[in-house]
Amino acid sequence: MRVAIIGGGISGLALAYYLQKLGVPYDLFEADEQVGGNIRSIEKEGYLLELGPNSLQYTPELETLVRELKLEQEVIPTAHAGHHRYVLRNGTYEKLPATPFSLLSNTFFSWKTRLRIFKEKDVPPADIDYETITQFFERRFGSGVLDYVINPLISGVYGGDPGKLLVHKAFPILKELENRYGSVLKGLMKHEGMHLHYDNISFANGMQTLPDAIAGKLISLHTGHRVEMITRNQGKYIVSCATTGDYDNVEYNLLVLALPALPASELLHFTFPGMAAALQNVHYPPMAVVHSVYNRHDVSHELNGFGALHPKAESPFAVSTLWSSSLFDGRCRPHEVMFTSFVGGAQYEDHALTNKDQLMECVHHELTETYGITAGKPVFQHLHFMEHSIPQYDLYIEDAHHMAEKLEQDGLFIAANWQAGVSVPSCIRHAKELADKINLKRPAPSIAE
Ligand SMILES: Cc1cc2nc3c(=O)[nH]c(=O)nc-3n(C[C@H](O)[C@H](O)[C@H](O)COP(=O)(O)OP(=O)(O)OC[C@H]3O[C@@H](n4cnc5c(N)ncnc54)[C@H](O)[C@@H]3O)c2cc1C
C-alpha cells in the first residue's frame with residue numbers, strides 16, 4: 001500500500017512523519033521549494049518576522065513531537081507578560097480577565113452581566129441546528145458578553161465573524177461541555193480529562209523551525225512538485241506534477257489532500273466534481289500581516305502582555321495586534337519594540353484590500369493613537385498580504401465536511417486546517433489520528449512473510 005500526500009504545510013508534513021514512523025510508504029508532494037505553508041518565518045534587516053502563526057499552544061502532541069525532533073533547546077515559552085491580554089474599550093486598552101471564572105469576580109463586566117454569566121448554570125441545554133457562536137453565547141450567557149469578549153476573540157483567533165461561525169464546528173468543546181454537564185460553567189468546574197489551557201511557545205529562530213525539522217526527517221518528500229492533476233484508474237490514484245513527469249506512472253492506493261479548500265477543489269474537478277463544488281464554497285477571507293518596529297523610547301505604553309484584541313464595536317482598523325517583542329526575545333533590537341498587526345478577516349475584508357501604502361499608514365496611525373507613539377513613522381515596517389487566510393467554519397463548510405467523510409470509502413482522505421481545526425496543534429493531532437487510521441487499512445502480512 002502506498003499513500004500520496006499533496007501539500008507540505010504542517011498537516012501534510014505531520015501526516016508523512018507519523019506514517020513514516022508506522023512504516024507506511026508514502027510520497028509527499030509540495031509545490032514550493034520550502035515547506036511549511038502558512039508557517040513562514042523570514043529575516044529582514046535583522047528582524048525576525050512571522051508571516052503566519054506567531055505562537056503555538058504547547059499541547060501534549062506538540063510537546064511529544066518537539067521531543068522526538070530534538071527541538072527542546074529551540075523552544076521558547078512566551079515571556080511572563082504573555083499571560084495578559086488586552087481589549088480595546090473606549091479607545092484604551094483594558095486587561096481581559098485571564099480565566100472564564102475571573103470574569104465573575106473582576107469588574108470587567110457590570111454586576112448585571114456577571115449575574116447573568118453566573119446564571120448560565122441554570123440555562124437548560126438545547127440542540128439548535130446551525131447555531132452560531134453569537135447565538136450560543138446569547139442563549140447561555142446573555143448578550144452582555146458579546147461585544148467586548150466574544151467578538152474580539154473570534155476575530156482574533158479565526159479572523160472570523162461570530163455571527164456566522166457555527167459553534168459546534170468552530171468551538172466543539174463548548175457544545176461538548178453543554179451536552180455533557182448541562183452547562184459550560186458546570187463543565188469547566190468539573191472538567192476532568194478536558195485540558196482547556198496550554199502555555200504558548202515559539203522557537204528561538206521562529207516558527208519555521210518546526211516544519212523544517214519535520215522535513216529533515218522525511219525520506220519521501222518532493223518539494224518543488226506542484227500537483228496539477230489527479231486521475232483515478234481501477235480504484236488507484238495517479239498524481240501528475242506540473243514540471244516533472246517522474247511520478248506519472250506511480251499508482252497510489254490512498255490519496256490525502258493536505259491542501260487549502262480551493263486548490264483541493266481544482267484538483268478534484270474531474271474525479272469528484274461534487275466534492276470540488278462543495279470546496280469552492282469554503283470561505284477564506286483576505287488578511288494582511290503588518291510588522292511595525294519603533295524605538296522603545298517613542299512608545300509610552302508599557303506593552304506588558306501578549307497583545308490586544310479589537311472589538312468591532314470600537315470600529316478599529318486592525319483586528320488585533322501582538323506585542324511580539326514582549327512575547328519573545330530576538331524579534332528586534334533590544335532598544336526597539338515590534339508590533340504584529342492583523343488586518344482583515346471576515347469582519348474587515350475591505351481593510352485587508354486597501355492599497356499597500358495606505359494600509360501600512362493606517363496601521364501606523366492606529367498604533368500611534370492607541371500606544372501613545374511619538375515617532376512620525378516606524379523605523380521598519382513590512383506587509384504580507386494573504387488573499388485567502390483562514391477557513392471559516394460557517395454554514396458553507398458543512399457540505400465539504402460531510403462529503404469528505406463519505407469519500408474516505410474511495411480512499412480519499414483530508415489532512416488540512418479546513419477539517420482538522422485551524423490551529424497548528426489541531427492539524428498535528430488530526431494528522432496523527434489519520435496516520436493511525438491509514439495504518440489500519442494496510443493488508444495483513446501473508447503467512448509466507
Ligand atoms: C495569519 C495567520 C496567523 C495564524 N496564527 C496562528 C497561530 O498563532 N497559532 C496557530 O496555532 N495557528 C495559527 N494560524 C493557523 C495555522 O497557521 C494554519 O491553520 C496551518 O498552518 C494550516 O496548515 P495546513 O498544512 O493545513 O495548510 P497550509 O499551511 O495552507 O499548507 C498547504 C500546503 O499545500 C501546498 N500546495 C498548494 N497547492 C498545491 C499543489 N497543487 N501541489 C502541491 N502542493 C500544493 C502549499 O504550498 C502549502 O505548503 C494562523 C494562520 C494565519 C493565516
# chains A, B, ... in the order shown; residues from 1 in each chain; ligands from 1

$ select_by_dssp --residues "segment 223-285 of chain A" --states "helix (DSSP H, G or I)" --output "PDB file with N, CA, C and O atoms, in the first residue's frame"
ATOM      1  N   ALA A 261      -8.857  24.509   0.815  1.00  0.00           N
ATOM      2  CA  ALA A 261     -10.036  24.028   0.076  1.00  0.00           C
ATOM      3  C   ALA A 261      -9.992  24.395  -1.413  1.00  0.00           C
ATOM      4  O   ALA A 261     -10.382  23.580  -2.260  1.00  0.00           O
ATOM      5  N   LEU A 262      -9.513  25.585  -1.741  1.00  0.00           N
ATOM      6  CA  LEU A 262      -9.593  25.996  -3.154  1.00  0.00           C
ATOM      7  C   LEU A 262      -8.655  25.204  -4.067  1.00  0.00           C
ATOM      8  O   LEU A 262      -9.103  24.659  -5.080  1.00  0.00           O
ATOM      9  N   PRO A 263      -7.364  25.097  -3.759  1.00  0.00           N
ATOM     10  CA  PRO A 263      -6.523  24.223  -4.593  1.00  0.00           C
ATOM     11  C   PRO A 263      -6.983  22.770  -4.577  1.00  0.00           C
ATOM     12  O   PRO A 263      -6.869  22.070  -5.593  1.00  0.00           O
ATOM     13  N   ALA A 264      -7.550  22.309  -3.453  1.00  0.00           N
ATOM     14  CA  ALA A 264      -8.064  20.934  -3.410  1.00  0.00           C
ATOM     15  C   ALA A 264      -9.218  20.806  -4.393  1.00  0.00           C
ATOM     16  O   ALA A 264      -9.320  19.819  -5.132  1.00  0.00           O
ATOM     17  N   SER A 265     -10.061  21.824  -4.435  1.00  0.00           N
ATOM     18  CA  SER A 265     -11.215  21.808  -5.342  1.00  0.00           C
ATOM     19  C   SER A 265     -10.755  21.698  -6.798  1.00  0.00           C
ATOM     20  O   SER A 265     -11.302  20.922  -7.584  1.00  0.00           O
ATOM     21  N   GLU A 266      -9.727  22.462  -7.141  1.00  0.00           N
ATOM     22  CA  GLU A 266      -9.231  22.426  -8.536  1.00  0.00           C
ATOM     23  C   GLU A 266      -8.756  21.023  -8.919  1.00  0.00           C
ATOM     24  O   GLU A 266      -8.995  20.569 -10.035  1.00  0.00           O
ATOM     25  N   LEU A 267      -8.117  20.353  -7.980  1.00  0.00           N
ATOM     26  CA  LEU A 267      -7.586  19.020  -8.301  1.00  0.00           C
ATOM     27  C   LEU A 267      -8.679  17.957  -8.398  1.00  0.00           C
ATOM     28  O   LEU A 267      -8.488  16.932  -9.050  1.00  0.00           O
ATOM     29  N   LEU A 268      -9.825  18.212  -7.762  1.00  0.00           N
ATOM     30  CA  LEU A 268     -10.870  17.177  -7.737  1.00  0.00           C
ATOM     31  C   LEU A 268     -11.932  17.377  -8.812  1.00  0.00           C
ATOM     32  O   LEU A 268     -12.896  16.615  -8.889  1.00  0.00           O
ATOM     33  N   PRO A 273     -16.462  15.730  -8.855  1.00  0.00           N
ATOM     34  CA  PRO A 273     -16.977  17.083  -9.083  1.00  0.00           C
ATOM     35  C   PRO A 273     -17.869  17.606  -7.946  1.00  0.00           C
ATOM     36  O   PRO A 273     -17.851  18.806  -7.659  1.00  0.00           O
ATOM     37  N   GLY A 274     -18.610  16.704  -7.274  1.00  0.00           N
ATOM     38  CA  GLY A 274     -19.480  17.140  -6.169  1.00  0.00           C
ATOM     39  C   GLY A 274     -18.658  17.722  -5.037  1.00  0.00           C
ATOM     40  O   GLY A 274     -18.952  18.798  -4.497  1.00  0.00           O
ATOM     41  N   MET A 275     -17.588  17.031  -4.688  1.00  0.00           N
ATOM     42  CA  MET A 275     -16.698  17.497  -3.620  1.00  0.00           C
ATOM     43  C   MET A 275     -16.023  18.806  -4.046  1.00  0.00           C
ATOM     44  O   MET A 275     -15.876  19.735  -3.242  1.00  0.00           O
ATOM     45  N   ALA A 276     -15.613  18.861  -5.329  1.00  0.00           N
ATOM     46  CA  ALA A 276     -14.954  20.072  -5.833  1.00  0.00           C
ATOM     47  C   ALA A 276     -15.886  21.273  -5.663  1.00  0.00           C
ATOM     48  O   ALA A 276     -15.456  22.352  -5.229  1.00  0.00           O
ATOM     49  N   ALA A 277     -17.164  21.084  -5.950  1.00  0.00           N
ATOM     50  CA  ALA A 277     -18.125  22.194  -5.837  1.00  0.00           C
ATOM     51  C   ALA A 277     -18.286  22.601  -4.372  1.00  0.00           C
ATOM     52  O   ALA A 277     -18.315  23.799  -4.050  1.00  0.00           O
ATOM     53  N   ALA A 278     -18.359  21.611  -3.482  1.00  0.00           N
ATOM     54  CA  ALA A 278     -18.525  21.932  -2.052  1.00  0.00           C
ATOM     55  C   ALA A 278     -17.316  22.723  -1.538  1.00  0.00           C
ATOM     56  O   ALA A 278     -17.451  23.675  -0.763  1.00  0.00           O
ATOM     57  N   LEU A 279     -16.129  22.344  -2.013  1.00  0.00           N
ATOM     58  CA  LEU A 279     -14.907  23.015  -1.552  1.00  0.00           C
ATOM     59  C   LEU A 279     -14.832  24.462  -2.022  1.00  0.00           C
ATOM     60  O   LEU A 279     -14.241  25.314  -1.351  1.00  0.00           O
ATOM     61  N   GLN A 280     -15.415  24.722  -3.190  1.00  0.00           N
ATOM     62  CA  GLN A 280     -15.411  26.096  -3.713  1.00  0.00           C
ATOM     63  C   GLN A 280     -16.104  27.056  -2.758  1.00  0.00           C
ATOM     64  O   GLN A 280     -15.839  28.253  -2.755  1.00  0.00           O
TER      65      GLN A 280
END

$ residues_around --residues "Pro77 of chain A" --least-positions-apart "4" --cutoff "8 Å" --atoms "only C-alpha atoms" --output "PDB file with C-alpha atoms, in the first residue's frame"
ATOM      1  CA  ASP A 199       1.143  27.534  27.582  1.00  0.00           C
ATOM      2  CA  ASN A 200       2.158  29.234  24.358  1.00  0.00           C
ATOM      3  CA  ILE A 201       5.533  28.728  22.744  1.00  0.00           C
ATOM      4  CA  SER A 202       7.622  29.667  19.758  1.00  0.00           C
ATOM      5  CA  PHE A 328       9.630  36.549  22.584  1.00  0.00           C
TER       6      PHE A 328
END

$ residues_around --residues "segment 203-213 of chain A" --least-positions-apart "6" --cutoff "8 Å" --atoms "only C-alpha atoms" --output "list in words"
Gly9, Ile10, Leu13, Val35, Gly36, Ile39, Arg40, Ser41, Leu48, Leu49, Glu50, Pro53, Asn54, Ser55, Val66, Leu69, Glu74, Val75, Ile76, Asp329 and Gly330 of chain A

$ closest_residue --among "A:Leu165, A:Ala79, A:Leu259, A:Leu383" --to "ligand 1" --atoms "only C-alpha atoms and all ligand atoms"
A:Leu259

$ residues_around --residues "Asp161 of chain A" --least-positions-apart "5" --cutoff "7 Å" --atoms "only C-alpha atoms" --output "ChimeraX atom specification"
/A:154-155,346-347

$ write_last_selection --atoms "N, CA, C and O atoms" --output "PDB file, in the first residue's frame"
ATOM      1  N   ILE A 154     -13.099  36.009  18.632  1.00  0.00           N
ATOM      2  CA  ILE A 154     -13.344  35.242  17.407  1.00  0.00           C
ATOM      3  C   ILE A 154     -12.647  35.893  16.224  1.00  0.00           C
ATOM      4  O   ILE A 154     -12.082  35.212  15.367  1.00  0.00           O
ATOM      5  N   SER A 155     -12.644  37.230  16.170  1.00  0.00           N
ATOM      6  CA  SER A 155     -11.895  37.806  15.044  1.00  0.00           C
ATOM      7  C   SER A 155     -10.407  37.643  15.245  1.00  0.00           C
ATOM      8  O   SER A 155      -9.673  37.475  14.277  1.00  0.00           O
ATOM      9  N   ALA A 346     -12.932  38.039   8.290  1.00  0.00           N
ATOM     10  CA  ALA A 346     -14.300  38.085   7.777  1.00  0.00           C
ATOM     11  C   ALA A 346     -15.041  39.385   8.090  1.00  0.00           C
ATOM     12  O   ALA A 346     -15.925  39.795   7.345  1.00  0.00           O
ATOM     13  N   GLN A 347     -14.685  40.046   9.187  1.00  0.00           N
ATOM     14  CA  GLN A 347     -15.435  41.254   9.544  1.00  0.00           C
ATOM     15  C   GLN A 347     -14.847  42.534   8.945  1.00  0.00           C
ATOM     16  O   GLN A 347     -15.463  43.590   9.032  1.00  0.00           O
TER      17      GLN A 347
END

$ closest_atom_pairs --of "chain A" --to "ligand 1" --cutoff "6 Å" --atoms "only C-alpha atoms and all ligand atoms" --output "JSON lines"
{"residue": "A:Ile6", "atom": "CA", "partner": "ligand 1", "partner_atom_place_in_ligand_line": "43 (C)", "distance": 5.1}
{"residue": "A:Gly7", "atom": "CA", "partner": "ligand 1", "partner_atom_place_in_ligand_line": "34 (O)", "distance": 3.4}
{"residue": "A:Gly8", "atom": "CA", "partner": "ligand 1", "partner_atom_place_in_ligand_line": "49 (O)", "distance": 4.6}
{"residue": "A:Gly9", "atom": "CA", "partner": "ligand 1", "partner_atom_place_in_ligand_line": "25 (O)", "distance": 3.3}
{"residue": "A:Ile10", "atom": "CA", "partner": "ligand 1", "partner_atom_place_in_ligand_line": "25 (O)", "distance": 4.0}
{"residue": "A:Ser11", "atom": "CA", "partner": "ligand 1", "partner_atom_place_in_ligand_line": "25 (O)", "distance": 3.7}
{"residue": "A:Gly12", "atom": "CA", "partner": "ligand 1", "partner_atom_place_in_ligand_line": "25 (O)", "distance": 5.6}
{"residue": "A:Phe29", "atom": "CA", "partner": "ligand 1", "partner_atom_place_in_ligand_line": "43 (C)", "distance": 5.2}
{"residue": "A:Glu30", "atom": "CA", "partner": "ligand 1", "partner_atom_place_in_ligand_line": "44 (N)", "distance": 3.8}
{"residue": "A:Ala31", "atom": "CA", "partner": "ligand 1", "partner_atom_place_in_ligand_line": "44 (N)", "distance": 3.9}
{"residue": "A:Asp32", "atom": "CA", "partner": "ligand 1", "partner_atom_place_in_ligand_line": "47 (O)", "distance": 5.3}
{"residue": "A:Val35", "atom": "CA", "partner": "ligand 1", "partner_atom_place_in_ligand_line": "49 (O)", "distance": 5.7}
{"residue": "A:Gly36", "atom": "CA", "partner": "ligand 1", "partner_atom_place_in_ligand_line": "49 (O)", "distance": 5.3}
{"residue": "A:Gly37", "atom": "CA", "partner": "ligand 1", "partner_atom_place_in_ligand_line": "49 (O)", "distance": 3.2}
{"residue": "A:Asn38", "atom": "CA", "partner": "ligand 1", "partner_atom_place_in_ligand_line": "29 (O)", "distance": 3.8}
{"residue": "A:Ile39", "atom": "CA", "partner": "ligand 1", "partner_atom_place_in_ligand_line": "21 (O)", "distance": 5.3}
{"residue": "A:Gly52", "atom": "CA", "partner": "ligand 1", "partner_atom_place_in_ligand_line": "2 (C)", "distance": 4.0}
{"residue": "A:Pro53", "atom": "CA", "partner": "ligand 1", "partner_atom_place_in_ligand_line": "5 (N)", "distance": 3.2}
{"residue": "A:Asn54", "atom": "CA", "partner": "ligand 1", "partner_atom_place_in_ligand_line": "8 (O)", "distance": 4.4}
{"residue": "A:Ser55", "atom": "CA", "partner": "ligand 1", "partner_atom_place_in_ligand_line": "8 (O)", "distance": 4.5}
{"residue": "A:Leu56", "atom": "CA", "partner": "ligand 1", "partner_atom_place_in_ligand_line": "11 (O)", "distance": 4.8}
{"residue": "A:His225", "atom": "CA", "partner": "ligand 1", "partner_atom_place_in_ligand_line": "43 (C)", "distance": 5.9}
{"residue": "A:Arg226", "atom": "CA", "partner": "ligand 1", "partner_atom_place_in_ligand_line": "42 (N)", "distance": 3.7}
{"residue": "A:Val227", "atom": "CA", "partner": "ligand 1", "partner_atom_place_in_ligand_line": "42 (N)", "distance": 3.9}
{"residue": "A:Glu228", "atom": "CA", "partner": "ligand 1", "partner_atom_place_in_ligand_line": "41 (N)", "distance": 5.6}
{"residue": "A:Ala258", "atom": "CA", "partner": "ligand 1", "partner_atom_place_in_ligand_line": "25 (O)", "distance": 5.9}
{"residue": "A:Leu259", "atom": "CA", "partner": "ligand 1", "partner_atom_place_in_ligand_line": "32 (C)", "distance": 4.4}
{"residue": "A:Pro260", "atom": "CA", "partner": "ligand 1", "partner_atom_place_in_ligand_line": "30 (O)", "distance": 5.2}
{"residue": "A:Pro263", "atom": "CA", "partner": "ligand 1", "partner_atom_place_in_ligand_line": "38 (N)", "distance": 5.3}
{"residue": "A:Ser389", "atom": "CA", "partner": "ligand 1", "partner_atom_place_in_ligand_line": "53 (C)", "distance": 4.4}
{"residue": "A:Ile390", "atom": "CA", "partner": "ligand 1", "partner_atom_place_in_ligand_line": "53 (C)", "distance": 5.2}
{"residue": "A:Ala416", "atom": "CA", "partner": "ligand 1", "partner_atom_place_in_ligand_line": "26 (O)", "distance": 3.5}
{"residue": "A:Asn417", "atom": "CA", "partner": "ligand 1", "partner_atom_place_in_ligand_line": "26 (O)", "distance": 4.0}
{"residue": "A:Val422", "atom": "CA", "partner": "ligand 1", "partner_atom_place_in_ligand_line": "19 (O)", "distance": 4.0}
{"residue": "A:Ser423", "atom": "CA", "partner": "ligand 1", "partner_atom_place_in_ligand_line": "11 (O)", "distance": 3.5}
{"residue": "A:Val424", "atom": "CA", "partner": "ligand 1", "partner_atom_place_in_ligand_line": "11 (O)", "distance": 3.8}
{"residue": "A:Pro425", "atom": "CA", "partner": "ligand 1", "partner_atom_place_in_ligand_line": "11 (O)", "distance": 5.9}

$ select_by_dssp --residues "segment 6-127 of chain A" --states "strand (DSSP E or B)" --output "list in words"
Ile6, Gly9, Tyr26, Asp27, Leu28, Phe29, Gly36, Ser41, Ile42, Glu43, Lys44, Tyr47, Leu48, Leu49, Glu50, Leu56, Gln57, Val75, Ile76, Pro77, Arg85, Tyr86, Val87, Leu88, Arg89, Thr92, Tyr93, Glu94 and Lys95 of chain A

$ write_last_selection --atoms "N, CA, C and O atoms" --output "short mmCIF file (atom, residue, chain, number, x, y, z; two decimals), in the first residue's frame"
data_model
loop_
_atom_site.label_atom_id
_atom_site.label_comp_id
_atom_site.auth_asym_id
_atom_site.auth_seq_id
_atom_site.Cartn_x
_atom_site.Cartn_y
_atom_site.Cartn_z
N ILE A 6 -0.68 15.31 -0.78
CA ILE A 6 -0.43 16.54 -1.55
C ILE A 6 -0.53 17.73 -0.61
O ILE A 6 -1.58 17.98 -0.02
N GLY A 9 2.31 21.67 4.00
CA GLY A 9 2.13 22.54 5.17
C GLY A 9 2.27 21.64 6.40
O GLY A 9 2.62 20.46 6.28
N TYR A 26 4.87 6.29 1.53
CA TYR A 26 4.12 7.48 1.09
C TYR A 26 5.00 8.30 0.16
O TYR A 26 6.24 8.12 0.11
N ASP A 27 4.38 9.22 -0.59
CA ASP A 27 5.12 10.29 -1.26
C ASP A 27 4.42 11.58 -0.89
O ASP A 27 3.19 11.68 -0.99
N LEU A 28 5.18 12.56 -0.46
CA LEU A 28 4.61 13.87 -0.11
C LEU A 28 5.03 14.88 -1.15
O LEU A 28 6.23 15.12 -1.36
N PHE A 29 4.06 15.51 -1.81
CA PHE A 29 4.34 16.49 -2.87
C PHE A 29 4.04 17.89 -2.36
O PHE A 29 2.93 18.17 -1.89
N GLY A 36 6.07 24.15 4.82
CA GLY A 36 5.50 24.90 5.95
C GLY A 36 4.18 25.58 5.65
O GLY A 36 3.43 25.90 6.57
N SER A 41 8.62 31.97 8.59
CA SER A 41 9.40 32.98 9.33
C SER A 41 10.46 33.51 8.37
O SER A 41 11.12 32.71 7.70
N ILE A 42 10.60 34.81 8.32
CA ILE A 42 11.65 35.37 7.46
C ILE A 42 12.49 36.37 8.27
O ILE A 42 12.01 36.89 9.29
N GLU A 43 13.69 36.61 7.79
CA GLU A 43 14.53 37.60 8.44
C GLU A 43 14.70 38.76 7.47
O GLU A 43 15.01 38.55 6.29
N LYS A 44 14.43 39.97 7.94
CA LYS A 44 14.58 41.16 7.08
C LYS A 44 15.24 42.25 7.89
O LYS A 44 14.75 42.60 8.97
N TYR A 47 15.44 41.78 11.48
CA TYR A 47 14.21 41.49 12.25
C TYR A 47 13.71 40.11 11.90
O TYR A 47 13.77 39.69 10.73
N LEU A 48 13.20 39.41 12.92
CA LEU A 48 12.61 38.09 12.70
C LEU A 48 11.10 38.27 12.58
O LEU A 48 10.43 38.67 13.54
N LEU A 49 10.59 37.99 11.38
CA LEU A 49 9.17 38.24 11.12
C LEU A 49 8.42 36.93 10.94
O LEU A 49 8.85 36.07 10.16
N GLU A 50 7.30 36.80 11.63
CA GLU A 50 6.42 35.65 11.43
C GLU A 50 5.31 36.10 10.49
O GLU A 50 4.56 37.01 10.81
N LEU A 56 2.27 28.93 19.49
CA LEU A 56 1.53 27.67 19.44
C LEU A 56 1.19 27.24 20.85
O LEU A 56 2.02 27.38 21.76
N GLN A 57 0.01 26.68 21.01
CA GLN A 57 -0.33 26.10 22.30
C GLN A 57 0.49 24.82 22.46
O GLN A 57 0.49 23.97 21.55
N VAL A 75 12.87 25.58 21.84
CA VAL A 75 11.56 26.09 22.27
C VAL A 75 11.73 27.30 23.17
O VAL A 75 12.55 27.29 24.09
N ILE A 76 10.93 28.36 22.89
CA ILE A 76 10.91 29.49 23.84
C ILE A 76 9.47 29.73 24.28
O ILE A 76 8.58 29.92 23.44
N PRO A 77 9.24 29.69 25.60
CA PRO A 77 7.89 29.98 26.09
C PRO A 77 7.63 31.47 25.99
O PRO A 77 8.58 32.27 25.91
N ARG A 85 -3.75 39.55 28.33
CA ARG A 85 -4.28 40.00 27.03
C ARG A 85 -5.16 41.21 27.27
O ARG A 85 -5.82 41.31 28.30
N TYR A 86 -5.16 42.09 26.30
CA TYR A 86 -5.89 43.34 26.47
C TYR A 86 -6.97 43.47 25.40
O TYR A 86 -6.88 42.86 24.33
N VAL A 87 -7.96 44.28 25.73
CA VAL A 87 -9.02 44.52 24.75
C VAL A 87 -9.26 46.03 24.68
O VAL A 87 -9.18 46.73 25.70
N LEU A 88 -9.51 46.49 23.47
CA LEU A 88 -9.72 47.93 23.28
C LEU A 88 -11.14 48.29 23.72
O LEU A 88 -12.11 47.68 23.26
N ARG A 89 -11.24 49.24 24.67
CA ARG A 89 -12.57 49.70 25.08
C ARG A 89 -12.50 51.20 25.30
O ARG A 89 -11.64 51.68 26.02
N THR A 92 -9.03 52.87 24.82
CA THR A 92 -7.83 52.48 25.56
C THR A 92 -7.87 50.97 25.86
O THR A 92 -8.92 50.35 25.73
N TYR A 93 -6.72 50.45 26.25
CA TYR A 93 -6.65 49.01 26.47
C TYR A 93 -6.97 48.63 27.92
O TYR A 93 -6.40 49.19 28.84
N GLU A 94 -7.86 47.65 28.04
CA GLU A 94 -8.20 47.11 29.37
C GLU A 94 -7.77 45.67 29.42
O GLU A 94 -7.92 44.95 28.43
N LYS A 95 -7.27 45.26 30.57
CA LYS A 95 -6.81 43.88 30.71
C LYS A 95 -8.00 42.93 30.73
O LYS A 95 -8.96 43.17 31.47
#

$ closest_residue --among "A:Trp111, A:Thr370, A:Tyr148, A:Val363" --to "Pro97 of chain A" --atoms "only C-alpha atoms"
A:Tyr148

$ residues_around --residues "Gly91 of chain A" --least-positions-apart "5" --cutoff "12 Å" --atoms "only C-alpha atoms" --output "ChimeraX atom specification"
/A:86,308-311,313-316,366-372

$ write_last_selection --atoms "N, CA, C and O atoms" --output "short mmCIF file (atom, residue, chain, number, x, y, z; two decimals), in the first residue's frame"
data_model
loop_
_atom_site.label_atom_id
_atom_site.label_comp_id
_atom_site.auth_asym_id
_atom_site.auth_seq_id
_atom_site.Cartn_x
_atom_site.Cartn_y
_atom_site.Cartn_z
N TYR A 86 -5.16 42.09 26.30
CA TYR A 86 -5.89 43.34 26.47
C TYR A 86 -6.97 43.47 25.40
O TYR A 86 -6.88 42.86 24.33
N ALA A 308 -3.23 42.85 21.99
CA ALA A 308 -4.55 43.43 22.19
C ALA A 308 -5.52 43.00 21.10
O ALA A 308 -5.15 42.86 19.94
N LEU A 309 -6.77 42.78 21.54
CA LEU A 309 -7.84 42.42 20.61
C LEU A 309 -8.72 43.65 20.41
O LEU A 309 -8.91 44.43 21.35
N HIS A 310 -9.24 43.77 19.19
CA HIS A 310 -10.02 44.95 18.87
C HIS A 310 -11.47 44.60 18.56
O HIS A 310 -11.75 44.00 17.51
N PRO A 311 -12.41 44.94 19.44
CA PRO A 311 -13.82 44.64 19.16
C PRO A 311 -14.37 45.48 18.01
O PRO A 311 -13.97 46.64 17.84
N ALA A 313 -17.10 46.83 17.91
CA ALA A 313 -17.81 47.99 18.46
C ALA A 313 -16.92 49.23 18.53
O ALA A 313 -17.42 50.36 18.63
N GLU A 314 -15.61 49.05 18.48
CA GLU A 314 -14.69 50.19 18.55
C GLU A 314 -14.31 50.70 17.17
O GLU A 314 -13.46 51.59 17.05
N SER A 315 -14.89 50.11 16.11
CA SER A 315 -14.55 50.46 14.71
C SER A 315 -13.04 50.54 14.49
O SER A 315 -12.51 51.58 14.06
N PRO A 316 -12.33 49.46 14.77
CA PRO A 316 -10.87 49.51 14.63
C PRO A 316 -10.44 49.34 13.18
O PRO A 316 -11.25 48.97 12.33
N GLU A 366 -3.12 53.99 13.69
CA GLU A 366 -3.85 53.38 14.81
C GLU A 366 -2.90 53.08 15.98
O GLU A 366 -3.24 53.30 17.13
N LEU A 367 -1.71 52.57 15.66
CA LEU A 367 -0.73 52.28 16.72
C LEU A 367 -0.36 53.56 17.45
O LEU A 367 -0.26 53.61 18.69
N THR A 368 -0.18 54.63 16.69
CA THR A 368 0.20 55.92 17.27
C THR A 368 -0.84 56.37 18.30
O THR A 368 -0.51 56.80 19.40
N GLU A 369 -2.12 56.21 17.91
CA GLU A 369 -3.20 56.67 18.80
C GLU A 369 -3.34 55.79 20.03
O GLU A 369 -3.56 56.29 21.13
N THR A 370 -3.22 54.47 19.86
CA THR A 370 -3.53 53.58 20.97
C THR A 370 -2.34 53.33 21.90
O THR A 370 -2.53 52.93 23.05
N TYR A 371 -1.12 53.55 21.42
CA TYR A 371 0.05 53.26 22.26
C TYR A 371 0.83 54.53 22.62
O TYR A 371 1.92 54.44 23.15
N GLY A 372 0.29 55.66 22.27
CA GLY A 372 0.97 56.91 22.59
C GLY A 372 2.35 56.97 21.94
O GLY A 372 3.37 57.16 22.61
#

$ closest_residue --among "A:Ile128, A:Leu412, A:Val256, A:Leu395" --to "Lys175 of chain A" --atoms "only C-alpha atoms"
A:Ile128

$ closest_residue --among "A:Lys432, A:His351, A:His335, A:Arg116" --to "Arg140 of chain A" --atoms "only C-alpha atoms"
A:Arg116

$ residues_around --residues "Tyr18 of chain A" --least-positions-apart "2" --cutoff "9 Å" --atoms "only C-alpha atoms" --output "compact mmCIF listing (two decimals) with C-alpha atoms, in the first residue's frame"
# COMPACT_ATOMS: atom_id res chain seq x y z
CA LEU A 13 4.31 17.13 6.95
CA ALA A 14 2.95 15.79 10.23
CA LEU A 15 0.98 13.10 8.42
CA ALA A 16 4.05 11.99 6.43
CA GLN A 20 6.87 7.03 8.21
CA LYS A 21 7.08 6.13 11.90
CA LEU A 22 4.46 3.45 11.31
CA GLY A 23 6.33 2.13 8.28
CA VAL A 24 3.62 3.09 5.75
CA ALA A 431 -2.58 14.13 11.21
CA LYS A 432 -1.57 11.66 13.92
CA LEU A 434 -5.26 9.94 10.37
CA ALA A 435 -1.92 8.13 10.20
CA ASP A 436 -3.25 5.57 12.69

$ closest_residue --among "A:Thr340, A:Leu185, A:Asn233, A:Gly160" --to "Phe141 of chain A" --atoms "only C-alpha atoms"
A:Leu185

$ residues_around --residues "Asp350 of chain A" --least-positions-apart "6" --cutoff "12 Å" --atoms "only C-alpha atoms" --output "ChimeraX atom specification"
/A:285-288,317-318,343-344,359,387
